[in-house]
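Colleague: Okay, handing you the structure first.
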Amino acid sequence: MQDGADGHGWPIAPVVFGGDFRRAQHQLLEADVVYVRDFGHPESMTDEQLKQLALVAHHVYGSTDLAYHCLSVLATRNAAAPDAPNRYLTALD
């Protein structure tokens, strides 16, 4: 399991890692996930959908990388200022 991931792992018995029977390696027992529309294909999304996704990503989920990605696509479409993605990152500091 990846460090920092929000989830709970559990090893498959009877294996024990490092003397700790609760230490998981690759088995994810439970996790909270959010599914978003396939942002890898922004051409299937309208400008308004990308704007809404950017807002939800930032304000609800704290996913600044997804918000930045949406702003980048919007900037290339001239639906946001060309420097909007970089101003967004600067504002995060």
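Every chain in the structure tokens has a letter given in the order shown (A, B, ...), and although residue numbers restart at 1 in each chain, ligands are simply numbered from 1 in the order shown.
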Find the residues near Ser72 in chain A: any atom within 10 Å, counting only C-alpha atoms, skip ones fewer than 5 places away on the same chain, and give them as a list in words.
Modeller: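 Once the adjacent positions are removed, what remains is Leu66, Ala67, Arg77, Asn78, Ala79, Ala80, Ala81, Pro82, Asp83, Ala84, Pro85 and Asn86 of chain A.
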Colleague: For Leu89 in chain A, list every protein, DNA or RNA residue within 10 Å, evaluated using only C-alpha atoms, and leave out those in the same chain fewer than 6 positions away; present the list as an mmCIF file with N, CA, C and O atoms, in the first residue's frame.
Modeller:
```cif
data_model
loop_
_atom_site.group_PDB
_atom_site.id
_atom_site.type_symbol
_atom_site.label_atom_id
_atom_site.label_comp_id
_atom_site.auth_asym_id
_atom_site.auth_seq_id
_atom_site.Cartn_x
_atom_site.Cartn_y
_atom_site.Cartn_z
ATOM 1 N N THR A 64 -5.633 19.878 -5.949
ATOM 2 C CA THR A 64 -5.104 21.036 -6.668
ATOM 3 C C THR A 64 -4.519 20.647 -8.025
ATOM 4 O O THR A 64 -4.554 21.444 -8.957
ATOM 5 N N ASP A 65 -4.011 19.431 -8.150
ATOM 6 C CA ASP A 65 -3.475 19.018 -9.449
ATOM 7 C C ASP A 65 -4.582 18.865 -10.485
ATOM 8 O O ASP A 65 -4.423 19.251 -11.652
ATOM 9 N N ALA A 67 -7.487 20.494 -10.376
ATOM 10 C CA ALA A 67 -7.948 21.863 -10.641
ATOM 11 C C ALA A 67 -6.991 22.559 -11.610
ATOM 12 O O ALA A 67 -7.436 23.229 -12.556
ATOM 13 N N TYR A 68 -5.705 22.383 -11.401
ATOM 14 C CA TYR A 68 -4.705 22.968 -12.297
ATOM 15 C C TYR A 68 -4.859 22.418 -13.713
ATOM 16 O O TYR A 68 -4.799 23.161 -14.690
#
```
Colleague: Tell me which of A:Leu53, A:Tyr61, A:Val16, A:Phe21 sits closest to Val34 in chain A, counting only C-alpha atoms.
Modeller: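 Among A:Leu53, A:Tyr61, A:Val16, A:Phe21, it is A:Tyr61 that comes nearest to Val34 in chain A.
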Colleague: Fewer than 3 positions away in the same chain doesn't count, so skip those; otherwise give me all residues within 6 Å of Ala54 in chain A, counting only C-alpha atoms, as a PyMOL selection string.
Modeller: chain A and resi 51+57+67+70
